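Okay, so here's the structure we're looking at.
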Amino acid sequence: MWHSHSRAQVPVEITAGHSSCYYQYMFSGKIIAEKPFGFFNTSSILLPYDKKRGIEVMSQSYLTYEISKRWATGLGSIYAPGNRFVPSAFVWYFNKKNDLSYLIFTRMDVWSNPSLELFGSVEYQGSKNQDFNLYARLQLQYITSMHWNGHLKSVQYARLGVDNKGVQYGLGVNFDQYGPNAEHYSNFGLFVRRVF
């Protein structure tokens, strides 16, 4: 999903639902295959149909260091329109066993008013020996301010569908909560995903 020893992997996903469209892209790869240094970027765009909610853009870019086959760390920045570019550091744990992969990603801003992010993902992809396989993913995120108001944002995203020759598609559900009062938005629809 996020971790590659020899070549970059680029999962791209689009979800279109009853209240918004959501695009998510990730890139993770080594600079030199035999060395521990790499580059990681993830970006997303949320386009709500209700213009009062506003477009949401996020992009994170890091130089990474592979501590082991399961652990990595990195320094870089996160971009969001409200704060612009903010320096950031992360640590992640990634493990893949058979058809299941797990990712735990924690990030903290490196500036005077930091936020802390905890992200987790569990993904199931069936056997590659069949034309159609079950595909499922649960993605959770929690972002909190270290200085004021506590909760900034949390999400729960679920995907359930099929994998057909490397293209995943099916049902997608997004739940987003914002601010200390956890103002809630939901989006039910269809997703399509491919790893390039």
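Each chain in the structure tokens gets a letter, A, B, ..., in the order shown, and its residues are numbered from 1; ligands are numbered from 1 in order too.
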*Could you name the residues that touch Val167 (chain A) at 8 Å or less, counting only C-alpha atoms, but leaving out those on the same chain fewer than 6 positions away, as a VMD selection string?*
chain A and resid 192 to 195
Take the residues that were just selected and, keeping N, CA and C atoms, output them as a CSV table (one decimal), in the first residue's frame.
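Once written, out.csv looks like this:
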chain,number,residue,atom,x,y,z
A,192,VAL,N,-13.5,4.0,-7.2
A,192,VAL,CA,-12.7,3.2,-8.2
A,192,VAL,C,-11.2,3.5,-7.8
A,193,ARG,N,-10.4,2.5,-7.8
A,193,ARG,CA,-9.0,2.6,-7.3
A,193,ARG,C,-8.1,1.8,-8.1
A,194,ARG,N,-6.9,2.3,-8.4
A,194,ARG,CA,-5.9,1.5,-9.1
A,194,ARG,C,-4.5,1.9,-8.5
A,195,VAL,N,-3.6,0.9,-8.4
A,195,VAL,CA,-2.2,1.1,-8.0
A,195,VAL,C,-1.4,1.1,-9.3
*Excluding Val155 (chain A) and residues on its chain fewer than 6 positions from it, collect all residues at most 9 Å away from it, counting only C-alpha atoms, and give them as number ranges by chain.*
A: 139-142, 174-178
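Between Ala136 (chain A) and the candidates A:Gly150, A:Gly172, A:Pro114, A:Pro11, the tightest atom-to-atom separation, counting only C-alpha atoms, involves A:Gly172.
Picture a line from CA of Gly179 (chain A) to CA of Leu152 (chain A); it runs 4.6 Å.
DSSP secondary structure from the backbone places Ala16, Gly17, Ser20, Cys21, Tyr22, Tyr23, Gln24, Tyr25, Met26, Phe27, Ser28, Gly29, Lys30, Phe37, Gly38, Phe39, Phe40, Asn41, Thr42, Ser43, Ser44, Ile45, Leu46, Leu47 and Pro48 of chain A of region 16-50 of chain A in strand (DSSP E).
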Written file, previous selection with C-alpha atoms, as a JSON list (two decimals), in the first residue's frame:
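Writing done, so here's part_12.json:
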[["chain", "number", "residue", "atom", "x", "y", "z"],
["A", 16, "ALA", "CA", -18.24, 9.92, -5.96],
["A", 17, "GLY", "CA", -21.18, 10.02, -3.60],
["A", 20, "SER", "CA", -19.23, 15.07, -2.43],
["A", 21, "CYS", "CA", -16.44, 13.75, -4.62],
["A", 22, "TYR", "CA", -13.17, 12.68, -3.01],
["A", 23, "TYR", "CA", -9.77, 12.09, -4.63],
["A", 24, "GLN", "CA", -6.82, 10.49, -2.82],
["A", 25, "TYR", "CA", -3.34, 9.79, -4.15],
["A", 26, "MET", "CA", -0.23, 8.31, -2.49],
["A", 27, "PHE", "CA", 3.35, 7.83, -3.61],
["A", 28, "SER", "CA", 6.07, 5.95, -1.73],
["A", 29, "GLY", "CA", 9.38, 4.89, -3.15],
["A", 30, "LYS", "CA", 13.10, 4.60, -2.57],
["A", 37, "PHE", "CA", 16.28, 6.94, 1.94],
["A", 38, "GLY", "CA", 13.09, 7.60, 0.01],
["A", 39, "PHE", "CA", 10.28, 10.01, -0.73],
["A", 40, "PHE", "CA", 6.63, 9.90, 0.35],
["A", 41, "ASN", "CA", 3.71, 12.07, -0.74],
["A", 42, "THR", "CA", -0.01, 11.85, -0.11],
["A", 43, "SER", "CA", -2.58, 14.34, -1.37],
["A", 44, "SER", "CA", -6.36, 14.55, -1.25],
["A", 45, "ILE", "CA", -9.10, 16.84, -2.53],
["A", 46, "LEU", "CA", -12.67, 16.90, -1.22],
["A", 47, "LEU", "CA", -15.21, 18.59, -3.51],
["A", 48, "PRO", "CA", -18.53, 18.95, -1.65]]
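What separates CA of Arg137 (chain A) from CA of Ile14 (chain A) is a distance of 14.1 Å.
You can rank A:Lys69, A:Arg53, A:Lys97, A:Lys35 by their closest distance to Gly126 (chain A) using only C-alpha atoms, and at the top of that list sits A:Lys97.
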*Excluding Gly120 (chain A) and residues on its chain fewer than 2 positions from it, collect all residues at most 9 Å away from it, counting only C-alpha atoms, and give them as a PyMOL selection string.*
chain A and resi 102-106+118+122+138-141
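Note that the spacing between CA of Phe191 (chain A) and CA of Ser59 (chain A) amounts to 20.5 Å.
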*Would you mind listing what lies within 7 Å of Leu134 (chain A) as a PyMOL selection string, with only C-alpha atoms counted and same-chain residues fewer than 6 positions away left out?*
chain A and resi 125-126+161-163
May I have the selected residues written with all heavy atoms, as a tab-separated table (two decimals), in the first residue's frame?
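Saved to part-v7.tsv:
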chain	number	residue	atom	x	y	z
A	125	GLN	N	-6.93	-7.61	0.27
A	125	GLN	CA	-6.99	-7.90	-1.16
A	125	GLN	C	-6.88	-9.40	-1.33
A	125	GLN	O	-5.91	-10.00	-0.86
A	125	GLN	CB	-5.85	-7.21	-1.90
A	125	GLN	CG	-6.06	-5.74	-2.09
A	125	GLN	CD	-4.96	-5.13	-2.93
A	125	GLN	OE1	-3.91	-4.84	-2.42
A	125	GLN	NE2	-5.24	-4.93	-4.20
A	126	GLY	N	-7.84	-9.99	-2.00
A	126	GLY	CA	-7.84	-11.44	-2.18
A	126	GLY	C	-6.72	-11.92	-3.08
A	126	GLY	O	-5.91	-11.13	-3.58
A	161	GLY	N	-15.62	-3.84	-2.09
A	161	GLY	CA	-15.87	-4.07	-3.50
A	161	GLY	C	-15.08	-5.25	-4.01
A	161	GLY	O	-14.81	-6.20	-3.27
A	162	VAL	N	-14.71	-5.17	-5.28
A	162	VAL	CA	-13.96	-6.25	-5.92
A	162	VAL	C	-12.69	-5.69	-6.53
A	162	VAL	O	-12.59	-4.50	-6.84
A	162	VAL	CB	-14.80	-6.97	-7.00
A	162	VAL	CG1	-16.00	-7.66	-6.39
A	162	VAL	CG2	-15.21	-6.02	-8.11
A	163	ASP	N	-11.73	-6.59	-6.69
A	163	ASP	CA	-10.50	-6.30	-7.42
A	163	ASP	C	-10.57	-7.10	-8.72
A	163	ASP	O	-10.65	-8.33	-8.69
A	163	ASP	CB	-9.29	-6.73	-6.58
A	163	ASP	CG	-7.97	-6.44	-7.29
A	163	ASP	OD1	-7.83	-6.70	-8.50
A	163	ASP	OD2	-7.05	-5.98	-6.61
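Distances to Val110 (chain A) were evaluated for A:Gln130, A:Leu190, A:Ala89, A:Phe94 using only C-alpha atoms, and the minimum falls at A:Ala89.
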_Need the shell around Ala72 (chain A): protein/DNA/RNA residues with any atom at most 6 Å away, counting only C-alpha atoms. Skip same-chain ones fewer than 6 positions apart. Format as JSON, numbers by chain?_
{"A": [65, 66, 91, 92]}
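Nearest residue to Ser186 (chain A) among A:Val10, A:Ser19, A:Ile55, A:Ser101 is A:Ser19, counting only C-alpha atoms.
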*For Gly189 (chain A), which residue out of A:Asn129, A:Gly170, A:Asp99, A:Asp109 is the nearest one, using only C-alpha atoms?*
A:Gly170
*asked:* When you count only C-alpha atoms, which of these residues is closest to Tyr79 (chain A): A:Leu100, A:Asn95, A:Tyr169, A:Glu56?
replied: A:Glu56
